[in-house]
file query_8.txt (compact mmCIF, C-alpha atoms)
# COMPACT_ATOMS: atom_id res chain seq x y z
CA MET A 1 -20.10 36.25 -21.78
CA ILE A 2 -20.54 37.98 -18.41
CA SER A 3 -20.53 41.77 -18.70
CA ASN A 4 -17.78 43.72 -16.95
CA GLN A 5 -20.52 45.54 -15.05
CA ILE A 6 -21.73 42.27 -13.50
CA LEU A 7 -18.17 41.20 -12.67
CA GLN A 8 -17.48 44.56 -11.03
CA SER A 9 -20.68 44.41 -9.01
CA THR A 10 -19.82 40.88 -7.85
CA ILE A 11 -16.35 41.65 -6.58
CA ASP A 12 -17.51 44.95 -5.05
CA GLY A 13 -20.04 42.94 -3.04
CA LEU A 14 -17.44 40.38 -2.01
CA LYS A 15 -15.03 43.10 -0.91
CA GLY A 16 -17.78 44.75 1.11
CA ILE A 17 -18.24 41.50 3.02
CA THR A 18 -14.64 40.26 3.32
CA ARG A 19 -12.51 43.47 3.15
CA ILE A 20 -10.28 41.65 0.61
CA ASP A 21 -9.42 43.42 -2.66
CA LEU A 22 -10.10 41.48 -5.84
CA CYS A 23 -9.22 41.85 -9.51
CA ILE A 24 -10.35 39.91 -12.59
CA ILE A 25 -8.08 39.72 -15.67
CA ASP A 26 -8.87 37.85 -18.87
CA THR A 27 -6.45 35.45 -20.56
CA GLU A 28 -5.19 38.21 -22.87
CA GLY A 29 -4.16 40.48 -20.00
CA LYS A 30 -7.10 42.87 -20.02
CA VAL A 31 -8.31 44.03 -16.60
CA LEU A 32 -12.09 43.48 -16.56
CA ALA A 33 -12.94 44.51 -13.01
CA ALA A 34 -11.05 45.50 -9.87
CA THR A 35 -11.52 46.93 -6.39
CA PHE A 36 -8.05 48.56 -6.23
CA GLN A 37 -6.03 50.92 -8.46
CA ASP A 38 -2.56 49.56 -9.36
CA THR A 39 -3.85 46.67 -11.45
CA ASP A 40 -1.51 47.18 -14.42
CA SER A 41 1.48 46.07 -12.35
CA TYR A 42 -0.06 42.60 -12.06
CA VAL A 43 -0.91 42.02 -15.74
CA ALA A 44 2.47 40.50 -16.72
CA ALA A 45 2.32 38.12 -13.74
CA ALA A 46 -1.25 37.14 -14.68
CA LEU A 47 -0.19 36.32 -18.27
CA ALA A 48 2.69 34.23 -16.96
CA PHE A 49 0.24 32.46 -14.63
CA VAL A 50 -1.96 31.64 -17.64
CA GLU A 51 0.87 29.52 -19.02
CA SER A 52 1.55 27.91 -15.65
CA PRO A 53 0.15 24.41 -14.90
CA ALA A 54 -0.81 25.55 -11.38
CA ASP A 55 -4.42 26.42 -10.50
CA SER A 56 -3.33 28.91 -7.83
CA GLN A 57 -0.15 30.57 -6.66
CA VAL A 58 1.18 33.51 -4.63
CA PHE A 59 3.04 36.24 -6.47
CA LEU A 60 3.75 39.94 -5.81
CA GLY A 61 1.91 39.68 -2.51
CA CYS A 62 -1.30 38.47 -4.21
CA GLN A 63 -3.02 35.14 -4.41
CA PHE A 64 -3.67 34.19 -8.06
CA PHE A 65 -6.48 31.80 -9.05
CA LYS A 66 -7.65 30.34 -12.35
CA VAL A 67 -11.37 30.41 -13.13
CA PHE A 68 -12.51 27.75 -15.59
CA ASP A 69 -15.64 27.23 -17.64
CA GLU A 70 -15.95 23.52 -18.48
CA HIS A 71 -12.14 23.07 -18.35
CA GLN A 72 -11.62 26.18 -20.49
CA LEU A 73 -9.63 28.91 -18.74
CA GLU A 74 -11.71 32.11 -18.72
CA TYR A 75 -10.32 34.46 -16.05
CA ILE A 76 -7.45 35.05 -13.66
CA LEU A 77 -8.62 36.20 -10.23
CA LEU A 78 -6.34 38.11 -7.87
CA ALA A 79 -7.03 38.30 -4.14
CA LYS A 80 -5.06 40.92 -2.20
CA GLY A 81 -5.13 41.68 1.50
CA ASP A 82 -3.50 41.28 4.92
CA SER A 83 -5.95 38.68 6.21
CA GLU A 84 -4.83 35.10 6.71
CA ASP A 85 -8.03 34.07 4.96
CA VAL A 86 -7.04 35.55 1.57
CA TYR A 87 -6.65 32.09 0.04
CA MET A 88 -10.03 30.85 1.28
CA ILE A 89 -11.80 34.08 0.24
CA GLY A 90 -10.12 33.91 -3.16
CA LYS A 91 -11.37 30.34 -3.62
CA ILE A 92 -14.89 31.41 -2.65
CA ALA A 93 -14.72 34.32 -5.13
CA SER A 94 -13.47 31.97 -7.86
CA PHE A 95 -16.31 29.59 -7.14
CA GLN A 96 -18.83 32.44 -7.27
CA ILE A 97 -17.56 33.67 -10.66
CA GLN A 98 -17.50 30.12 -12.00
CA ASN A 99 -21.16 29.72 -11.00
CA LEU A 100 -21.92 33.02 -12.75
CA LEU A 101 -20.39 31.62 -15.92
CA VAL A 102 -22.66 28.57 -15.71
CA ALA A 103 -25.74 30.69 -15.02
CA TYR A 104 -25.01 33.12 -17.85
CA LYS A 105 -24.30 30.29 -20.27
CA GLU A 106 -27.70 28.79 -19.43
CA ARG A 107 -29.29 32.18 -19.92
CA PHE A 108 -27.45 32.55 -23.23
CA ASP A 109 -28.78 29.17 -24.37
CA LYS A 110 -32.32 30.24 -23.41
CA ASP A 111 -31.80 33.64 -25.03
CA ASN A 112 -30.65 31.99 -28.26
CA PHE A 113 -33.65 29.66 -28.19
CA VAL A 114 -36.10 32.53 -27.63
CA LYS A 115 -34.59 34.57 -30.49
CA ASN A 116 -34.94 31.67 -32.90
CA LEU A 117 -38.44 31.00 -31.61
CA LEU A 118 -39.50 34.61 -32.27
CA LEU A 119 -38.01 34.61 -35.76
CA ASP A 120 -39.57 31.27 -36.76
CA ASN A 121 -36.16 29.65 -37.23
CA LEU A 122 -37.10 26.39 -35.51
CA LEU A 123 -38.96 23.31 -36.65
CA LEU A 124 -41.95 22.36 -34.51
CA VAL A 125 -40.23 19.26 -33.14
CA ASP A 126 -37.11 21.31 -32.29
CA ILE A 127 -39.20 23.85 -30.37
CA TYR A 128 -40.51 21.23 -27.97
CA ASN A 129 -37.25 19.26 -27.69
CA ARG A 130 -35.15 22.33 -26.89
CA ALA A 131 -37.77 23.77 -24.55
CA LYS A 132 -37.73 20.51 -22.61
CA LYS A 133 -33.93 20.52 -22.33
CA LEU A 134 -33.94 24.13 -21.16
CA HIS A 135 -36.76 23.47 -18.66
CA ILE A 136 -39.11 25.95 -20.33
CA ASP A 137 -42.84 25.37 -19.87
CA THR A 138 -44.40 24.75 -23.29
CA GLU A 139 -48.02 25.40 -22.29
CA ALA A 140 -47.78 28.62 -20.28
CA ARG A 141 -49.82 31.68 -21.34
CA ARG A 142 -47.44 34.25 -22.82
CA VAL A 143 -47.47 37.58 -24.64
CA VAL A 144 -44.73 39.46 -26.51
CA PHE A 145 -43.91 43.13 -25.86
CA ILE A 146 -41.65 45.15 -28.17
CA VAL A 147 -39.95 48.23 -26.71
CA GLU A 148 -38.67 50.47 -29.53
CA THR A 149 -36.43 53.51 -29.04
CA ASN A 150 -35.22 56.16 -31.49
CA ARG A 151 -31.58 55.24 -31.01
CA GLU A 152 -29.43 52.16 -30.72
CA LYS A 153 -29.87 50.59 -27.33
CA ASP A 154 -26.99 49.91 -24.96
CA GLY A 155 -26.50 47.04 -22.56
CA ASN A 156 -27.72 49.15 -19.65
CA GLU A 157 -31.20 49.59 -21.13
CA LEU A 158 -31.53 45.84 -21.66
CA GLU A 159 -30.34 45.15 -18.12
CA ARG A 160 -32.77 47.73 -16.68
CA VAL A 161 -35.70 45.96 -18.29
CA ARG A 162 -34.30 42.62 -17.13
CA GLY A 163 -34.00 44.02 -13.62
CA LEU A 164 -37.62 45.16 -13.72
CA LEU A 165 -39.21 42.04 -15.21
CA GLY A 166 -36.53 39.40 -15.41
CA GLY A 167 -36.67 38.45 -11.76
CA LYS A 168 -39.13 35.83 -12.83
CA SER A 169 -37.12 33.10 -14.52
CA ARG A 170 -40.17 32.31 -16.65
CA ASP A 171 -40.03 35.70 -18.41
CA PHE A 172 -37.49 36.35 -21.16
CA ILE A 173 -35.94 39.69 -22.14
CA THR A 174 -33.91 39.71 -25.35
CA ALA A 175 -33.18 41.66 -28.54
CA VAL A 176 -33.06 40.77 -32.22
CA ASP A 177 -31.91 44.16 -33.60
CA GLU A 178 -30.27 47.43 -32.56
CA LYS A 179 -33.28 49.48 -31.42
CA ASN A 180 -35.79 47.01 -29.99
CA ILE A 181 -36.00 45.22 -26.67
CA ILE A 182 -38.31 42.21 -26.68
CA VAL A 183 -40.08 40.90 -23.59
CA VAL A 184 -41.71 37.47 -23.68
CA LYS A 185 -43.84 37.63 -20.56
CA GLU A 186 -45.74 34.87 -18.87
CA VAL A 187 -49.34 35.83 -18.17
CA MET A 188 -51.27 34.46 -15.21
CA ASP A 189 -54.76 33.02 -15.71
CA ASN A 190 -56.38 35.98 -13.96
CA GLU A 191 -54.46 38.58 -15.99
CA GLY A 192 -56.01 40.26 -19.02
CA TYR A 193 -55.24 43.14 -21.35
CA GLU A 194 -55.74 45.71 -18.61
CA GLU A 195 -52.86 44.18 -16.68
CA LEU A 196 -50.75 43.99 -19.86
CA ASN A 197 -51.28 47.70 -20.41
CA LYS A 198 -50.13 48.37 -16.84
CA THR A 199 -46.99 46.31 -17.50
CA ALA A 200 -46.29 48.39 -20.62
CA GLU A 201 -46.70 51.60 -18.59
CA VAL A 202 -44.27 50.30 -15.96
CA ILE A 203 -41.67 49.60 -18.69
CA LEU A 204 -42.33 53.06 -20.14
CA GLY A 205 -41.65 54.55 -16.72
CA LEU A 206 -38.09 53.18 -16.81
CA PHE A 207 -37.22 55.52 -19.68
CA ARG A 208 -39.27 58.63 -18.86
CA SER A 209 -36.34 60.39 -17.17
CA ASN A 210 -34.50 60.45 -20.52
CA ASP A 211 -35.98 63.46 -22.33
CA ASP A 212 -34.25 62.92 -25.68
CA LEU A 213 -35.42 59.31 -25.95
CA GLU A 214 -38.52 58.54 -28.00
CA ILE A 215 -40.07 55.26 -26.96
CA HIS A 216 -43.00 53.19 -28.18
CA ILE A 217 -44.25 49.91 -26.74
CA ALA A 218 -46.45 47.44 -28.59
CA TYR A 219 -47.74 44.03 -27.61
CA GLY A 220 -49.52 41.16 -29.31
CA THR A 221 -52.27 38.84 -28.16
CA VAL A 222 -51.91 36.27 -25.38
CA VAL A 223 -51.00 32.79 -26.69
CA ASN A 224 -51.34 29.49 -24.88
CA GLU A 225 -48.52 27.40 -26.36
CA ILE A 226 -44.86 28.07 -26.93
CA LYS A 227 -45.16 27.40 -30.67
CA GLU A 228 -47.50 30.42 -30.92
CA VAL A 229 -45.09 32.91 -29.34
CA SER A 230 -43.82 33.94 -32.79
CA ARG A 231 -47.39 34.90 -33.72
CA SER A 232 -47.64 37.23 -30.72
CA TYR A 233 -44.28 38.73 -31.78
CA LYS A 234 -45.50 39.35 -35.34
CA GLU A 235 -48.66 40.94 -33.96
CA ALA A 236 -46.59 43.23 -31.74
CA ARG A 237 -44.44 44.19 -34.74
CA MET A 238 -47.55 45.04 -36.74
CA ALA A 239 -48.98 47.02 -33.83
CA LEU A 240 -45.75 49.04 -33.66
CA ASP A 241 -45.92 49.92 -37.38
CA VAL A 242 -49.68 50.56 -37.50
CA GLY A 243 -49.42 52.69 -34.35
CA LYS A 244 -46.89 54.99 -36.05
CA ILE A 245 -49.34 55.56 -38.91
CA PHE A 246 -52.72 55.92 -37.22
CA PHE A 247 -52.05 56.41 -33.50
CA GLN A 248 -49.01 58.72 -33.35
CA GLU A 249 -50.15 60.17 -30.03
CA ARG A 250 -49.96 56.81 -28.25
CA GLN A 251 -46.79 55.49 -26.69
CA VAL A 252 -48.39 52.13 -25.88
CA ILE A 253 -50.37 50.25 -28.50
CA ALA A 254 -51.96 46.80 -28.37
CA TYR A 255 -52.58 44.65 -31.43
CA SER A 256 -56.14 44.08 -30.23
CA THR A 257 -56.90 47.83 -30.48
CA LEU A 258 -55.72 48.42 -34.06
CA GLY A 259 -59.20 48.08 -35.55
CA ILE A 260 -59.52 48.80 -39.26
CA GLY A 261 -55.97 50.16 -39.34
CA ARG A 262 -54.75 46.57 -39.21
CA LEU A 263 -56.60 45.77 -42.45
CA ILE A 264 -55.48 48.92 -44.27
CA TYR A 265 -51.85 48.21 -43.34
CA GLN A 266 -52.01 44.95 -45.29
CA LEU A 267 -53.38 46.50 -48.49
CA PRO A 268 -51.07 46.79 -51.51
CA ILE A 269 -50.27 50.39 -52.47
CA PRO A 270 -51.63 50.08 -56.06
CA LEU A 271 -55.00 49.02 -54.66
CA CYS A 272 -54.97 52.01 -52.28
CA LYS A 273 -54.26 54.42 -55.15
CA MET A 274 -57.09 52.87 -57.18
CA PHE A 275 -59.50 53.30 -54.26
CA ILE A 276 -58.62 56.99 -53.78
CA LYS A 277 -58.90 57.64 -57.51
CA GLU A 278 -62.32 56.00 -57.76
CA ILE A 279 -63.78 57.75 -54.71
CA PHE A 280 -62.22 61.21 -55.06
CA ASP A 281 -61.45 61.33 -58.78
CA GLY A 282 -57.71 61.43 -58.16
CA LYS A 283 -57.81 64.12 -55.47
CA SER A 284 -56.53 63.45 -51.99
CA PRO A 285 -59.05 63.72 -49.13
CA ASP A 286 -56.43 65.33 -46.88
CA GLU A 287 -55.85 68.29 -49.22
CA PHE A 288 -58.74 70.28 -47.77
CA ASP A 289 -58.03 73.45 -45.82
CA GLU A 290 -57.30 73.20 -42.09
CA GLU A 291 -60.77 74.40 -41.10
CA THR A 292 -62.48 71.68 -43.14
CA LEU A 293 -60.15 68.94 -41.85
CA THR A 294 -60.70 70.07 -38.25
CA THR A 295 -64.46 69.98 -38.81
CA ILE A 296 -64.30 66.47 -40.34
CA ASN A 297 -62.13 65.04 -37.55
CA LYS A 298 -64.26 66.58 -34.80
CA PHE A 299 -67.42 65.28 -36.50
CA PHE A 300 -65.96 61.76 -36.48
CA GLU A 301 -64.81 62.11 -32.85
CA ASN A 302 -68.41 62.90 -31.86
CA SER A 303 -69.89 59.94 -33.75
CA LEU A 304 -71.52 62.13 -36.45
CA ASN A 305 -73.43 64.17 -33.86
CA VAL A 306 -74.07 67.60 -35.39
CA SER A 307 -75.11 69.35 -32.16
CA GLU A 308 -72.16 68.14 -30.09
CA THR A 309 -69.66 68.85 -32.89
CA SER A 310 -70.90 72.43 -33.37
CA ARG A 311 -70.75 72.97 -29.60
CA GLN A 312 -67.14 71.76 -29.36
CA LEU A 313 -66.11 73.81 -32.40
CA TYR A 314 -67.85 76.91 -30.93
CA ILE A 315 -69.81 77.45 -34.12
CA HIS A 316 -73.53 77.65 -34.90
CA ARG A 317 -75.24 74.43 -35.92
CA ASN A 318 -76.14 76.00 -39.28
CA THR A 319 -72.48 76.86 -39.90
CA LEU A 320 -71.55 73.21 -39.42
CA VAL A 321 -74.39 72.11 -41.73
CA TYR A 322 -73.12 74.59 -44.33
CA ARG A 323 -69.61 73.14 -44.12
CA LEU A 324 -70.91 69.58 -44.48
CA ASP A 325 -73.04 70.59 -47.46
CA LYS A 326 -70.03 72.25 -49.07
CA LEU A 327 -67.97 69.08 -48.51
CA GLN A 328 -70.74 66.97 -50.03
CA LYS A 329 -70.74 69.10 -53.20
CA SER A 330 -66.96 68.76 -53.66
CA THR A 331 -66.69 65.03 -52.86
CA GLY A 332 -70.13 63.57 -53.41
CA LEU A 333 -70.06 62.19 -49.85
CA ASP A 334 -72.47 63.30 -47.14
CA LEU A 335 -70.78 62.71 -43.78
CA ARG A 336 -74.17 62.71 -42.06
CA VAL A 337 -74.88 59.42 -43.86
CA PHE A 338 -73.16 56.56 -42.07
CA GLU A 339 -72.03 54.74 -45.23
CA ASP A 340 -70.49 57.90 -46.70
CA ALA A 341 -68.85 58.73 -43.38
CA ILE A 342 -67.26 55.26 -43.26
CA THR A 343 -65.99 55.66 -46.82
CA PHE A 344 -64.46 59.05 -46.03
CA LYS A 345 -62.88 57.83 -42.78
CA ILE A 346 -61.29 54.84 -44.52
CA ALA A 347 -60.04 57.12 -47.31
CA LEU A 348 -58.30 59.39 -44.78
CA MET A 349 -56.64 56.37 -43.19
CA VAL A 350 -55.61 54.96 -46.57
CA VAL A 351 -53.93 58.27 -47.48
CA LYS A 352 -52.08 58.28 -44.14
CA TYR A 353 -50.89 54.74 -44.84
CA MET A 354 -49.75 55.63 -48.37
CA LYS A 355 -47.81 58.67 -47.17
CA TYR A 356 -46.12 56.62 -44.44
CA MET A 357 -45.04 53.95 -46.92
CA GLU A 358 -43.74 56.62 -49.31
CA SER A 359 -41.67 58.14 -46.49
CA LEU A 360 -40.05 54.73 -45.89
CA ASP A 361 -39.03 54.56 -49.55
CA TYR A 362 -37.08 57.77 -49.16

call {"tool": "encode", "arguments": {"input": "query_8.txt", "output": "structure tokens"}}
result
Amino acid sequence: MISNQILQSTIDGLKGITRIDLCIIDTEGKVLAATFQDTDSYVAAALAFVESPADSQVFLGCQFFKVFDEHQLEYILLAKGDSEDVYMIGKIASFQIQNLLVAYKERFDKDNFVKNLLLDNLLLVDIYNRAKKLHIDTEARRVVFIVETNREKDGNELERVRGLLGGKSRDFITAVDEKNIIVVKEVMDNEGYEELNKTAEVILGLFRSNDDLEIHIAYGTVVNEIKEVSRSYKEARMALDVGKIFFQERQVIAYSTLGIGRLIYQLPIPLCKMFIKEIFDGKSPDEFDEETLTTINKFFENSLNVSETSRQLYIHRNTLVYRLDKLQKSTGLDLRVFEDAITFKIALMVVKYMKYMESLDY
């Protein structure tokens, strides 16, 4: 349950304080962590000690201890050194590791609860009963972040995020699949979406040193009760998907900023195809040449302002008007008219959505 990395860090710290070498071996004879080299020579003795009724004994110049988890033998601890206090230090180390087992088991129970909460695998009554037993506040303000990478995560990435945010026992960092890290973060009363965006940027900063890693972070809305946490998770999931379609340039995306993209994402593909066919007579609005598409996008960026668009495109106003007139003749839509502009903008987004969904099919 406890990672070898944690065990190694623990005994390294103990050795730094006590100058006593330590080694942890599991009940099958595998060395999990050690502060000295010749550990293999003690494996046979450790396996024999597993079968022994004694809780501690001296053998091969080492003090052997058994570490239990609720009466179940988990580890054999070796303490090695010239000090007369080897036995006492070994007992302290055993006690420390035993406490780690308890702490990690509690965290595992909470982790399991949070996973089931996110995935809607719990009845309402079970949510509140289990939260009470695990001493989890049911009425705290919370929000769910999803950190997605382009490769399978390793334990180190999860622990790095835990190290950054998990210092607060009221925050939860977990995972429900191979590529996503999920953060269920408690939000203070004075914190809003600006602070949430800063939190996302801080998480992003953890991974920026890794050039070959693509990372996207999405988060849902703030909820006030524990039963609503799954809703914030679903919103974050949607934000992640919608962001890939309509906001590819963003590494951080909030559900509250999805706008009309959120609605388009929920449309059935047959309805989208029908819409494009009716508006453009079967043609695709993104099949125009690059110059026309650049003009359209810049026109939308400048809120249909002809003067500002022509200035940014470094073209004469009349040239822009000519292009818009030409577009009107081919599509029947005049982008200078707000209603037509909205129709065209939605059509471009619908086509993006359709192409994305087609790419998933392949």

call {"tool": "residues_around", "arguments": {"input": "query_8.txt", "residues": "A:Phe172", "least_positions_apart": "5", "cutoff": "8 Å", "atoms": "all atoms listed in the file", "output": "list in words"}}
result
Asp111, Val114, Gly166, Val183, Val184 and Lys185 of chain A

call {"tool": "atom_distance", "arguments": {"input": "query_8.txt", "atom1": "atom CA of A:Leu213", "atom2": "atom CA of A:Gln251"}}
result
12.0 Å

call {"tool": "closest_residue", "arguments": {"input": "query_8.txt", "among": "A:Gly81, A:Asn224, A:Gln312, A:Glu290", "to": "A:Glu139", "atoms": "all atoms listed in the file"}}
result
A:Asn224

call {"tool": "atom_distance", "arguments": {"input": "query_8.txt", "atom1": "atom CA of A:Met188", "atom2": "atom CA of A:Val242"}}
result
27.5 Å

call {"tool": "residues_around", "arguments": {"input": "query_8.txt", "residues": "stretch 252-264 of chain A", "least_positions_apart": "2", "cutoff": "8 Å", "atoms": "all atoms listed in the file", "output": "mmCIF file with C-alpha atoms, in the coordinates of the input"}}
result
data_model
loop_
_atom_site.group_PDB
_atom_site.id
_atom_site.type_symbol
_atom_site.label_atom_id
_atom_site.label_comp_id
_atom_site.auth_asym_id
_atom_site.auth_seq_id
_atom_site.Cartn_x
_atom_site.Cartn_y
_atom_site.Cartn_z
ATOM 1 C CA ASN A 197 -51.280 47.700 -20.410
ATOM 2 C CA ALA A 200 -46.290 48.390 -20.620
ATOM 3 C CA GLU A 201 -46.700 51.600 -18.590
ATOM 4 C CA HIS A 216 -43.000 53.190 -28.180
ATOM 5 C CA ILE A 217 -44.250 49.910 -26.740
ATOM 6 C CA ALA A 218 -46.450 47.440 -28.590
ATOM 7 C CA TYR A 219 -47.740 44.030 -27.610
ATOM 8 C CA GLY A 220 -49.520 41.160 -29.310
ATOM 9 C CA THR A 221 -52.270 38.840 -28.160
ATOM 10 C CA GLU A 235 -48.660 40.940 -33.960
ATOM 11 C CA ALA A 236 -46.590 43.230 -31.740
ATOM 12 C CA MET A 238 -47.550 45.040 -36.740
ATOM 13 C CA ALA A 239 -48.980 47.020 -33.830
ATOM 14 C CA LEU A 240 -45.750 49.040 -33.660
ATOM 15 C CA VAL A 242 -49.680 50.560 -37.500
ATOM 16 C CA GLY A 243 -49.420 52.690 -34.350
ATOM 17 C CA PHE A 246 -52.720 55.920 -37.220
ATOM 18 C CA ARG A 250 -49.960 56.810 -28.250
ATOM 19 C CA GLN A 266 -52.010 44.950 -45.290
ATOM 20 C CA LEU A 267 -53.380 46.500 -48.490
ATOM 21 C CA MET A 349 -56.640 56.370 -43.190
ATOM 22 C CA VAL A 350 -55.610 54.960 -46.570
ATOM 23 C CA TYR A 353 -50.890 54.740 -44.840
#

call {"tool": "build_atoms", "arguments": {"input": "query_8.txt", "residues": "stretch 230-246 of chain A", "atoms": "N, CA and C atoms", "output": "CSV table (one decimal), keeping the file's coordinate frame"}}
result
chain,number,residue,atom,x,y,z
A,230,SER,N,-44.2,33.2,-31.6
A,230,SER,CA,-43.8,33.9,-32.8
A,230,SER,C,-45.0,34.7,-33.4
A,231,ARG,N,-46.2,34.2,-33.2
A,231,ARG,CA,-47.4,34.9,-33.7
A,231,ARG,C,-47.6,36.2,-32.9
A,232,SER,N,-47.5,36.1,-31.6
A,232,SER,CA,-47.6,37.2,-30.7
A,232,SER,C,-46.6,38.3,-31.0
A,233,TYR,N,-45.4,37.8,-31.4
A,233,TYR,CA,-44.3,38.7,-31.8
A,233,TYR,C,-44.6,39.5,-33.1
A,234,LYS,N,-45.1,38.7,-34.1
A,234,LYS,CA,-45.5,39.4,-35.3
A,234,LYS,C,-46.6,40.4,-35.1
A,235,GLU,N,-47.6,40.0,-34.3
A,235,GLU,CA,-48.7,40.9,-34.0
A,235,GLU,C,-48.1,42.2,-33.3
A,236,ALA,N,-47.2,42.1,-32.4
A,236,ALA,CA,-46.6,43.2,-31.7
A,236,ALA,C,-45.8,44.1,-32.8
A,237,ARG,N,-45.2,43.5,-33.7
A,237,ARG,CA,-44.4,44.2,-34.7
A,237,ARG,C,-45.4,45.0,-35.6
A,238,MET,N,-46.5,44.3,-36.0
A,238,MET,CA,-47.6,45.0,-36.7
A,238,MET,C,-48.1,46.2,-36.0
A,239,ALA,N,-48.4,46.0,-34.7
A,239,ALA,CA,-49.0,47.0,-33.8
A,239,ALA,C,-48.0,48.2,-33.8
A,240,LEU,N,-46.7,48.0,-33.7
A,240,LEU,CA,-45.8,49.0,-33.7
A,240,LEU,C,-45.8,49.9,-34.9
A,241,ASP,N,-45.9,49.2,-36.1
A,241,ASP,CA,-45.9,49.9,-37.4
A,241,ASP,C,-47.2,50.6,-37.6
A,242,VAL,N,-48.4,49.9,-37.3
A,242,VAL,CA,-49.7,50.6,-37.5
A,242,VAL,C,-49.9,51.7,-36.5
A,243,GLY,N,-49.3,51.6,-35.3
A,243,GLY,CA,-49.4,52.7,-34.4
A,243,GLY,C,-48.7,54.0,-34.8
A,244,LYS,N,-47.6,53.8,-35.5
A,244,LYS,CA,-46.9,55.0,-36.0
A,244,LYS,C,-47.7,55.7,-37.1
A,245,ILE,N,-48.6,55.0,-37.8
A,245,ILE,CA,-49.3,55.6,-38.9
A,245,ILE,C,-50.6,56.2,-38.4
A,246,PHE,N,-51.4,55.5,-37.6
A,246,PHE,CA,-52.7,55.9,-37.2
A,246,PHE,C,-52.9,56.4,-35.8
